[in-house]
Each structure stands twice: as C-alpha cells, then as structure tokens.
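So this block is protein.txt, compact mmCIF, C-alpha atoms:
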# COMPACT_ATOMS: atom_id res chain seq x y z
CA MET A 26 157.40 -85.69 -51.63
CA SER A 27 158.60 -87.61 -54.68
CA ASN A 28 156.42 -87.73 -57.79
CA ARG A 29 158.26 -90.75 -59.15
CA PHE A 30 156.24 -93.53 -60.73
CA ILE A 31 157.60 -96.87 -59.52
CA GLY A 32 158.94 -98.78 -62.50
CA ALA A 33 158.86 -95.73 -64.78
CA ARG A 34 162.43 -96.09 -65.95
CA GLN A 35 164.38 -98.91 -67.51
CA THR A 36 167.03 -100.66 -65.43
CA THR A 37 170.21 -102.67 -65.71
CA ILE A 38 172.61 -104.27 -63.26
CA ALA A 39 175.09 -101.93 -61.58
CA ARG A 40 178.24 -103.96 -62.32
CA ASP A 41 179.43 -107.13 -64.04
CA ILE A 42 178.44 -110.42 -62.41
CA LYS A 43 180.35 -113.65 -63.00
CA VAL A 44 178.71 -117.00 -62.31
CA ASN A 45 180.14 -120.49 -62.78
CA GLY A 46 178.26 -123.76 -62.72
CA THR A 47 177.19 -126.89 -64.58
CA GLY A 48 174.56 -127.49 -67.24
CA VAL A 49 171.80 -129.71 -65.90
CA HIS A 50 171.28 -131.47 -69.24
CA SER A 51 174.78 -131.35 -70.74
CA GLY A 52 176.70 -131.89 -67.52
CA ALA A 53 179.30 -129.48 -68.93
CA PRO A 54 180.98 -126.65 -66.96
CA VAL A 55 179.67 -123.18 -67.80
CA SER A 56 180.89 -119.64 -67.20
CA VAL A 57 178.44 -116.75 -67.43
CA ILE A 58 179.16 -113.04 -67.15
CA LEU A 59 176.23 -110.65 -66.84
CA HIS A 60 177.10 -107.19 -68.17
CA PRO A 61 175.27 -103.90 -67.58
CA ALA A 62 173.62 -102.70 -70.79
CA ALA A 63 172.28 -99.44 -72.19
CA ALA A 64 168.58 -98.63 -72.45
CA ASP A 65 166.64 -100.54 -75.12
CA THR A 66 169.29 -103.28 -75.33
CA GLY A 67 166.89 -105.77 -73.79
CA LEU A 68 168.05 -109.17 -72.54
CA ARG A 69 170.55 -110.75 -74.93
CA PHE A 70 172.80 -113.81 -74.92
CA LEU A 71 176.32 -113.34 -76.25
CA VAL A 72 177.72 -116.79 -77.00
CA THR A 73 181.51 -117.04 -76.97
CA LYS A 74 184.04 -119.73 -77.86
CA ARG A 75 187.65 -119.35 -76.76
CA GLY A 76 187.06 -115.64 -76.20
CA ARG A 77 185.48 -115.03 -79.61
CA VAL A 78 181.82 -114.02 -79.99
CA THR A 79 179.98 -116.58 -82.13
CA ALA A 80 176.38 -115.42 -81.69
CA ASP A 81 174.26 -112.57 -80.34
CA ILE A 82 170.81 -113.95 -79.52
CA PRO A 83 168.04 -111.67 -78.22
CA ALA A 84 165.91 -113.34 -75.54
CA LYS A 85 162.69 -113.25 -77.55
CA VAL A 86 160.05 -115.86 -78.27
CA CYS A 87 160.73 -115.64 -82.01
CA ASN A 88 164.15 -117.19 -81.25
CA VAL A 89 162.80 -120.21 -79.36
CA LYS A 90 164.11 -123.42 -80.96
CA ASN A 91 163.12 -126.17 -78.53
CA LEU A 92 160.91 -126.62 -75.47
CA THR A 93 161.76 -130.17 -74.37
CA LEU A 94 162.14 -130.02 -70.57
CA CYS A 95 163.63 -126.52 -70.81
CA THR A 96 163.51 -123.40 -72.99
CA VAL A 97 166.09 -123.23 -75.78
CA ILE A 98 166.74 -120.12 -77.86
CA GLY A 99 169.03 -119.81 -80.86
CA ASN A 100 169.85 -118.15 -84.15
CA GLU A 101 169.53 -119.16 -87.79
CA ASP A 102 173.09 -120.55 -87.82
CA GLY A 103 172.11 -123.27 -85.38
CA ILE A 104 173.84 -121.80 -82.31
CA THR A 105 171.63 -122.30 -79.26
CA VAL A 106 171.51 -121.62 -75.54
CA SER A 107 169.33 -123.89 -73.41
CA THR A 108 167.81 -123.77 -69.92
CA VAL A 109 167.55 -119.98 -70.10
CA GLU A 110 164.36 -119.76 -68.03
CA HIS A 111 165.75 -119.56 -64.47
CA LEU A 112 168.21 -116.77 -65.28
CA LEU A 113 165.64 -114.86 -67.33
CA ALA A 114 163.14 -115.28 -64.48
CA ALA A 115 165.62 -113.69 -62.06
CA LEU A 116 166.21 -110.74 -64.38
CA ARG A 117 162.56 -110.16 -65.23
CA GLY A 118 161.41 -110.99 -61.71
CA LEU A 119 163.62 -108.19 -60.36
CA GLN A 120 162.45 -105.89 -63.18
CA ILE A 121 165.80 -105.68 -64.96
CA ASP A 122 165.18 -104.60 -68.54
CA ASN A 123 168.67 -104.56 -70.05
CA CYS A 124 171.49 -107.07 -69.65
CA VAL A 125 174.01 -108.74 -71.93
CA ILE A 126 174.57 -112.35 -70.86
CA GLU A 127 177.97 -113.61 -72.02
CA ILE A 128 178.11 -117.41 -71.97
CA ASP A 129 180.82 -119.85 -73.06
CA SER A 130 178.62 -122.94 -73.35
CA LYS A 131 175.33 -124.10 -74.86
CA GLU A 132 173.49 -124.15 -71.53
CA VAL A 133 172.92 -121.75 -68.65
CA PRO A 134 174.23 -123.31 -65.40
CA ILE A 135 171.56 -124.96 -63.27
CA MET A 136 173.08 -123.74 -59.96
CA ASP A 137 170.81 -125.14 -57.20
CA GLY A 138 167.86 -125.66 -59.57
CA SER A 139 166.20 -122.34 -58.76
CA SER A 140 166.67 -118.63 -59.51
CA GLN A 141 167.92 -117.82 -56.02
CA PRO A 142 171.69 -117.88 -56.79
CA PHE A 143 171.11 -115.44 -59.65
CA VAL A 144 168.96 -113.19 -57.47
CA GLU A 145 171.59 -113.17 -54.73
CA ALA A 146 174.32 -112.32 -57.26
CA ILE A 147 172.24 -109.42 -58.60
CA ASP A 148 171.49 -108.18 -55.09
CA GLU A 149 175.21 -108.22 -54.35
CA VAL A 150 176.01 -105.65 -57.08
CA GLY A 151 172.75 -103.71 -57.17
CA ILE A 152 170.42 -102.45 -59.88
CA ARG A 153 171.00 -99.23 -61.83
CA GLU A 154 168.10 -97.14 -63.04
CA LEU A 155 168.53 -95.62 -66.50
CA SER A 156 167.11 -92.38 -67.84
CA ALA A 157 164.99 -93.97 -70.58
CA PRO A 158 161.31 -94.65 -69.84
CA ARG A 159 160.25 -98.27 -69.43
CA ARG A 160 157.96 -99.72 -72.08
CA PHE A 161 155.42 -102.44 -71.37
CA LEU A 162 153.62 -104.98 -73.51
CA LYS A 163 149.96 -104.38 -72.67
CA VAL A 164 147.46 -107.19 -73.28
CA LEU A 165 144.32 -105.76 -74.92
CA LYS A 166 142.11 -108.83 -75.26
CA PRO A 167 142.11 -112.44 -74.09
CA VAL A 168 144.30 -114.95 -75.92
CA ARG A 169 143.94 -118.65 -75.09
CA VAL A 170 145.67 -121.89 -76.09
CA GLU A 171 144.30 -125.35 -75.30
CA GLU A 172 146.07 -128.70 -75.65
CA GLY A 173 144.00 -131.55 -74.26
CA GLU A 174 143.60 -130.95 -70.53
CA CYS A 175 146.25 -128.20 -70.59
CA TRP A 176 145.37 -124.61 -71.26
CA GLY A 177 146.86 -121.16 -70.84
CA GLU A 178 145.43 -117.68 -71.22
CA LEU A 179 146.63 -114.08 -71.18
CA THR A 180 143.99 -111.46 -70.36
CA PRO A 181 144.04 -107.67 -69.82
CA HIS A 182 145.22 -106.53 -66.40
CA SER A 183 146.71 -103.35 -64.97
CA GLY A 184 149.77 -105.13 -63.54
CA PHE A 185 151.34 -108.57 -63.97
CA HIS A 186 149.28 -111.34 -62.38
CA LEU A 187 150.21 -115.02 -62.37
CA ASP A 188 147.80 -117.87 -61.62
CA VAL A 189 149.31 -121.33 -62.11
CA GLU A 190 147.76 -124.74 -61.47
CA ILE A 191 149.45 -128.12 -61.76
CA ASP A 192 148.11 -131.65 -61.33
CA PHE A 193 150.38 -134.69 -61.28
CA PRO A 194 149.32 -138.29 -60.58
CA SER A 195 152.15 -138.59 -58.07
CA PRO A 196 150.86 -138.40 -54.46
CA ILE A 197 153.95 -136.31 -53.64
CA ILE A 198 152.72 -133.47 -55.87
CA GLY A 199 149.04 -133.90 -56.62
CA LYS A 200 147.03 -130.78 -57.46
CA GLN A 201 148.49 -127.39 -56.50
CA ARG A 202 147.39 -123.88 -57.44
CA LEU A 203 148.89 -120.52 -56.54
CA ALA A 204 148.31 -116.94 -57.66
CA PHE A 205 150.28 -113.73 -57.09
CA GLU A 206 150.28 -110.14 -58.19
CA MET A 207 153.89 -110.09 -59.27
CA SER A 208 156.54 -107.65 -58.05
CA PRO A 209 160.27 -107.92 -57.29
CA GLY A 210 159.43 -108.49 -53.62
CA VAL A 211 156.99 -111.30 -54.43
CA PHE A 212 159.44 -112.94 -56.82
CA ARG A 213 162.27 -112.75 -54.30
CA ASN A 214 160.24 -113.97 -51.30
CA GLU A 215 157.77 -116.42 -52.86
CA LEU A 216 159.24 -117.91 -56.04
CA CYS A 217 162.96 -117.51 -56.57
CA ASN A 218 164.12 -120.38 -54.31
CA ALA A 219 161.73 -123.01 -55.75
CA ARG A 220 163.79 -125.75 -57.42
CA THR A 221 163.26 -127.73 -60.58
CA PHE A 222 162.00 -131.27 -60.06
CA GLY A 223 161.94 -134.62 -61.79
CA PHE A 224 160.83 -138.22 -61.33
CA MET A 225 163.27 -141.00 -60.56
CA SER A 226 161.26 -143.24 -62.92
CA ASP A 227 162.24 -140.97 -65.85
CA VAL A 228 165.98 -140.86 -65.18
CA GLU A 229 167.09 -143.76 -67.40
CA ARG A 230 164.96 -142.54 -70.33
CA LEU A 231 166.38 -139.01 -70.02
CA TRP A 232 169.94 -140.26 -69.87
CA LYS A 233 169.42 -142.30 -73.03
CA ALA A 234 168.12 -139.13 -74.72
CA GLY A 235 171.25 -137.24 -73.66
CA LEU A 236 169.34 -135.17 -71.09
CA ALA A 237 169.70 -134.60 -67.34
CA LEU A 238 173.37 -135.59 -67.45
CA GLY A 239 174.20 -132.94 -64.85
CA ALA A 240 171.16 -133.48 -62.62
CA ASN A 241 171.72 -134.56 -59.03
CA LEU A 242 170.27 -134.06 -55.58
CA THR A 243 172.03 -130.69 -55.17
CA ASN A 244 170.19 -129.11 -58.10
CA THR A 245 166.96 -131.09 -58.59
CA VAL A 246 164.11 -132.22 -56.38
CA ALA A 247 163.99 -135.96 -57.10
CA ILE A 248 160.61 -137.63 -56.66
CA GLY A 249 160.41 -141.33 -55.89
CA ASP A 250 157.33 -143.51 -55.76
CA ASP A 251 156.30 -142.35 -52.32
CA ARG A 252 158.75 -139.69 -51.16
CA VAL A 253 161.11 -136.87 -52.03
CA MET A 254 164.59 -138.37 -52.32
CA ASN A 255 166.50 -135.22 -51.27
CA ARG A 256 167.67 -135.54 -47.67
CA GLU A 257 166.64 -131.96 -46.82
CA GLY A 258 163.15 -132.43 -48.25
CA LEU A 259 161.16 -129.59 -49.80
CA ARG A 260 161.80 -125.90 -49.23
CA ASP A 261 158.03 -125.31 -49.23
CA PRO A 262 154.99 -127.63 -49.39
CA GLN A 263 154.07 -125.90 -52.67
CA GLU A 264 157.59 -125.85 -54.09
CA PHE A 265 156.42 -127.66 -57.24
CA VAL A 266 153.83 -125.09 -58.32
CA ARG A 267 156.10 -122.26 -57.20
CA HIS A 268 158.77 -123.54 -59.57
CA LYS A 269 156.25 -123.73 -62.40
CA MET A 270 155.43 -120.08 -61.70
CA LEU A 271 159.13 -119.24 -61.73
CA ASP A 272 159.40 -120.92 -65.13
CA ALA A 273 156.44 -118.91 -66.39
CA VAL A 274 158.12 -115.64 -65.38
CA GLY A 275 161.20 -116.68 -67.35
CA ASP A 276 159.29 -117.94 -70.39
CA LEU A 277 157.03 -114.87 -70.57
CA SER A 278 160.09 -112.61 -70.38
CA LEU A 279 160.62 -113.67 -73.99
CA SER A 280 157.95 -111.11 -74.91
CA GLY A 281 160.86 -108.64 -74.87
CA HIS A 282 159.08 -106.28 -72.46
CA PRO A 283 157.48 -106.50 -69.01
CA ILE A 284 153.87 -107.59 -69.47
CA LEU A 285 150.77 -105.75 -68.33
CA GLY A 286 148.37 -108.65 -68.21
CA ALA A 287 147.19 -111.68 -66.26
CA TYR A 288 148.44 -115.17 -67.10
CA ARG A 289 146.47 -118.26 -66.12
CA SER A 290 148.02 -121.67 -66.72
CA VAL A 291 146.53 -125.11 -66.05
CA LYS A 292 148.69 -128.25 -66.33
CA GLY A 293 151.16 -126.31 -68.44
CA GLY A 294 154.89 -125.88 -68.81
CA HIS A 295 157.47 -124.35 -71.13
CA ARG A 296 155.62 -125.38 -74.29
CA LEU A 297 152.28 -123.93 -73.20
CA ASN A 298 153.87 -120.71 -71.94
CA SER A 299 155.59 -120.23 -75.27
CA LEU A 300 152.52 -121.07 -77.36
CA VAL A 301 150.35 -118.55 -75.50
CA LEU A 302 152.96 -115.83 -75.91
CA GLN A 303 153.39 -116.65 -79.60
CA LYS A 304 149.65 -116.53 -80.19
CA LEU A 305 149.40 -113.17 -78.43
CA LEU A 306 152.18 -111.61 -80.51
CA GLU A 307 150.80 -113.01 -83.77
CA ASP A 308 147.54 -111.08 -83.20
CA THR A 309 148.53 -107.43 -83.42
CA SER A 310 145.06 -106.40 -82.21
CA ALA A 311 145.61 -108.28 -78.93
CA TRP A 312 148.48 -106.15 -77.61
CA THR A 313 150.21 -102.81 -77.77
CA ILE A 314 153.38 -101.22 -76.41
CA VAL A 315 152.82 -98.51 -73.80
CA GLN A 316 155.36 -96.23 -72.18
CA ALA A 317 155.54 -95.49 -68.46
CA PRO A 318 154.58 -91.91 -67.53
CA ARG A 319 157.31 -89.32 -67.30
CA VAL A 320 158.63 -88.46 -63.85
CA ARG A 321 159.72 -85.11 -62.41
CA ASP A 322 162.86 -86.36 -60.71
CA THR A 323 165.36 -86.64 -63.58
CA ARG A 324 168.19 -88.20 -61.57
CA PRO A 325 168.65 -91.92 -62.25
CA MET A 326 169.22 -93.98 -59.12
CA VAL A 327 171.38 -96.92 -58.15
CA PHE A 328 170.04 -99.46 -55.69
CA GLU A 329 173.03 -101.11 -54.03
CA ARG A 330 172.92 -104.44 -52.26
CA GLY A 331 170.53 -104.20 -49.28
CA ALA A 332 168.78 -101.22 -50.83
CA VAL A 333 167.60 -103.42 -53.69
CA ALA A 334 165.32 -105.35 -51.34
CA ALA A 335 164.00 -102.15 -49.82
CA ALA A 336 163.34 -100.64 -53.24
CA ALA A 337 161.45 -103.80 -54.21
CA GLY A 338 158.97 -103.20 -51.43
CA GLU A 339 160.18 -105.82 -48.99
Target format structure tokens, applied to this file:
Amino acid sequence: MSNRFIGARQTTIARDIKVNGTGVHSGAPVSVILHPAAADTGLRFLVTKRGRVTADIPAKVCNVKNLTLCTVIGNEDGITVSTVEHLLAALRGLQIDNCVIEIDSKEVPIMDGSSQPFVEAIDEVGIRELSAPRRFLKVLKPVRVEEGECWGELTPHSGFHLDVEIDFPSPIIGKQRLAFEMSPGVFRNELCNARTFGFMSDVERLWKAGLALGANLTNTVAIGDDRVMNREGLRDPQEFVRHKMLDAVGDLSLSGHPILGAYRSVKGGHRLNSLVLQKLLEDTSAWTIVQAPRVRDTRPMVFERGAVAAAAGE
C-alpha cells in the first residue's frame, strides 16, 4: 500500500504546449507556449517580441496593474499581460505549481471564453510530479473586504473551498450561488467549461474604450434584454456563477501558492478577489507557508493524458 500524500509534491507540465488564439479585448492574434519548469519556479509570464524576451513577470498579486473586466499583471517598465485569469485558473485548478508561459502579445488568448481549451491541452501532454515538496499558503484568521453590497472573505480551512454568489438585475442571470470543495476533478468537471459573459447593452461603450474588440459569439456568452444571444444557448443553467468561480481560482492563484482556506464572495469579481488576497498578504499574522508532509515513495511520477483525469480523482 502506498503511503503517498496526495498533492505532497510540486508539479509541472510534462512537455511544451503551444496554443494560438485571439485576445478578447485587443482583437490581436496571440501565440502562447507553456514550458515545463523546475520546482519553486512558480507560474511566470515570459513576454517576447520578435523572439527576444522583453519581460519576466511572476504571476503574483503584487504585480497586478489593472482589474478592469480582466486581470492584468505587469512589471515596473510598463510591460503588461492581460486576461491572465482563465489560463492561470487551468494551471492552478489542475494543481500545476510550476510553468513558464511564453507569450508574444499583451493578452492571453480568449479561446472559447473558458479554461477548457487550456485544460484539454494540458491533459494531452500530461502532468509531471517533481521531487520537491509542495508548499501551501495557509489562512490563519479571517480577512474580509467590503465594497457597498459586494464583499469577499478568506477564512481558515483544511483544504480549498470556494463559495461564490452573484446577483444581476438581468432576468437571464438573476441570483446564483454555488460552493465546492476544490480539486482537479471538480475544476475539470464543474468549472473549466464555463464561459465569460457580457451584456449586449455594454458593447458600444466597451468598443469606445478600446475593449472587447475580439469578443464574439464563439468566445463570449452574449446577454440580450430577454435572452442569451448565442445560438447554442448556455452550457449549464448556472454557467454565469460557474465562470465567476473559475475567475476566482485564477485570481487567487496570484497568491503564488495553492491556498489552504475558504473563500466566500458575494457580488464580486476580479477587483474584489484581488483586494481580499492583497489584504490577506499585507497582514503577516493572517497567513503562513506550510510544507506538505514527506512521503516514503521517492520516485516522481508522470501522469500522461488519460491518467491525468484518473489521478485527479475522476
């Protein structure tokens, strides 16, 4: 019988992954290459221009530069990468600790508006377990942020629990709430295919602001006055709140470590997620870094393709 502790070791992807697409806000073509990385590298964006590296940006909340409709990270030289949340959600949702993300544009491609294309690409190559022990950010006491009717809170918990509630005046969305004890299997089966959404009434304003230039019905759930405009409809009756949970997984990945804690969000979004995480990290008495227990089996493992789903508990 194995004495392994599930999640005890850090992970990376087994091989390079290349993804091409379009930025939802810029409308520009984007090429992304995910590279395996050594232990303690973390998740990092390597920005390139004509084959030359122009920036190395760790995916951490201290590097967040903007939270208007998406999460934007950058460095002190003004180089930024936007819409990072869906890719980061896929990596953190599948418990991948280390990956170098090489990107030749200022925006991660939107793909179909969800994390599913990234998850499928990762499943295709597999996940490699490294020899180094995994370290977690453990929440020690409650931290809460309130902004009007919106509030978010991180509290102590032995795993990673998400509880997200949204409430929109649109009859198409209304009030939705969902909670999960998170795991790779839950992320893959319950959240990863939930698409981003927007209101048709906002389109002209966004275009004038230089946003949503690449948005269309293949990558965004478009909400009209009384119906969903996409011909295929919704993937799930709760697709809206599921996408907000997906975003929260991506935004909270900017802690730099998997979180041991419970996150509750009401009427929130990227800004609230970031503010709660910032407030937590600013209070050094509210968190600590803990290391997973050592395991007897010293042989790192590689989970290839179909085995990834099995290893995730599906």
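Proximity of A:Cys87, A:Gly249, A:Asn100, A:Ile121 to Ile152 (chain A), computed with only C-alpha atoms, is greatest for A:Ile121.
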In terms of the shortest atom-to-atom distance over all atoms listed in the file, which of A:Gln263, A:Gln316, A:Thr245, A:Ser208 is closest to Ala33 (chain A)?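 Ranked by minimum distance to Ala33 (chain A), first place goes to A:Gln316.
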Using only C-alpha atoms, which residue out of A:Leu68, A:Val150, A:Leu259, A:Ile191 lies closest to Gly177 (chain A)?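 Among A:Leu68, A:Val150, A:Leu259, A:Ile191, it is A:Ile191 that comes nearest to Gly177 (chain A).
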Separation of CA of Asn218 (chain A) from CA of Thr243 (chain A), in Å and rounded to one decimal: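 Interatomic distance, CA of Asn218 (chain A) to CA of Thr243 (chain A): 13.0 Å.
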Taking into account all atoms listed in the file, which residue in the set A:Val291, A:Leu92, A:Leu242, A:Val106 is nearest to Leu203 (chain A)?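 Answer, going by the shortest atom-to-atom distance: A:Val291.
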Give me the residues near Arg296 (chain A) as a list in words, where near means some atom within 10 Å (using all atoms listed in the file) and where sequence neighbours in that chain fewer than 2 positions away do not count.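 Final neighbour list, sorted by chain and number: Asn91, Leu92, Thr93, Leu94, Cys95, Thr96, Asp276, Gly293, Gly294, Asn298, Ser299, Leu300 and Val301 of chain A.
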Which of these residues is nearest to Arg260 (chain A), using all atoms listed in the file: A:Gly48, A:Gly138, A:Pro54, A:Gly118? A:Gly138
Two-atom distance - CA of Ser290 (chain A), CA of Asp261 (chain A) (Å):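 Interatomic distance here is 20.5 Å.
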One-decimal distance in Å that lies between CA of Ala64 (chain A) and CA of Cys124 (chain A):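 Spanning CA of Cys124 (chain A) to CA of Ala64 (chain A) is a straight-line distance of 9.4 Å.
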Have a look at A:Ile248, A:Leu236, A:Leu285, A:Met207 and name the one nearest to Leu119 (chain A); count all atoms listed in the file. A:Met207
Neighbours of Ala53 (chain A) within 12 Å (all atoms listed in the file; same-chain residues fewer than 3 positions away dropped), as a PyMOL selection string? chain A and resi 45-50+56+129-135+236-240
Lys200 (chain A): which residues within 9 Å, counting only C-alpha atoms, same-chain residues fewer than 2 positions away excluded, as a ChimeraX atom specification? /A:190-194,198,202,266
Using all atoms listed in the file, determine which residues lie at most 6 Å from Phe161 (chain A), disregarding the query and same-chain residues fewer than 4 positions distant; provide the list as a PyMOL selection string. chain A and resi 282-284+314-315
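Every protein, DNA or RNA residue with an atom at most 10 Å from Glu215 (chain A), where all atoms listed in the file count and chain neighbours fewer than 6 positions away do not, is listed here: Phe205, Met207, Pro209, Asp261, Glu264, Arg267, His268, Met270 and Leu271 of chain A.
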Next, dump the selected residues to file, keeping only C-alpha atoms, as a PDB file, in the frame of the given file.
ATOM      1  CA  PHE A 205     150.280-113.730 -57.090  1.00  0.00           C
ATOM      2  CA  MET A 207     153.890-110.090 -59.270  1.00  0.00           C
ATOM      3  CA  PRO A 209     160.270-107.920 -57.290  1.00  0.00           C
ATOM      4  CA  ASP A 261     158.030-125.310 -49.230  1.00  0.00           C
ATOM      5  CA  GLU A 264     157.590-125.850 -54.090  1.00  0.00           C
ATOM      6  CA  ARG A 267     156.100-122.260 -57.200  1.00  0.00           C
ATOM      7  CA  HIS A 268     158.770-123.540 -59.570  1.00  0.00           C
ATOM      8  CA  MET A 270     155.430-120.080 -61.700  1.00  0.00           C
ATOM      9  CA  LEU A 271     159.130-119.240 -61.730  1.00  0.00           C
TER      10      LEU A 271
END
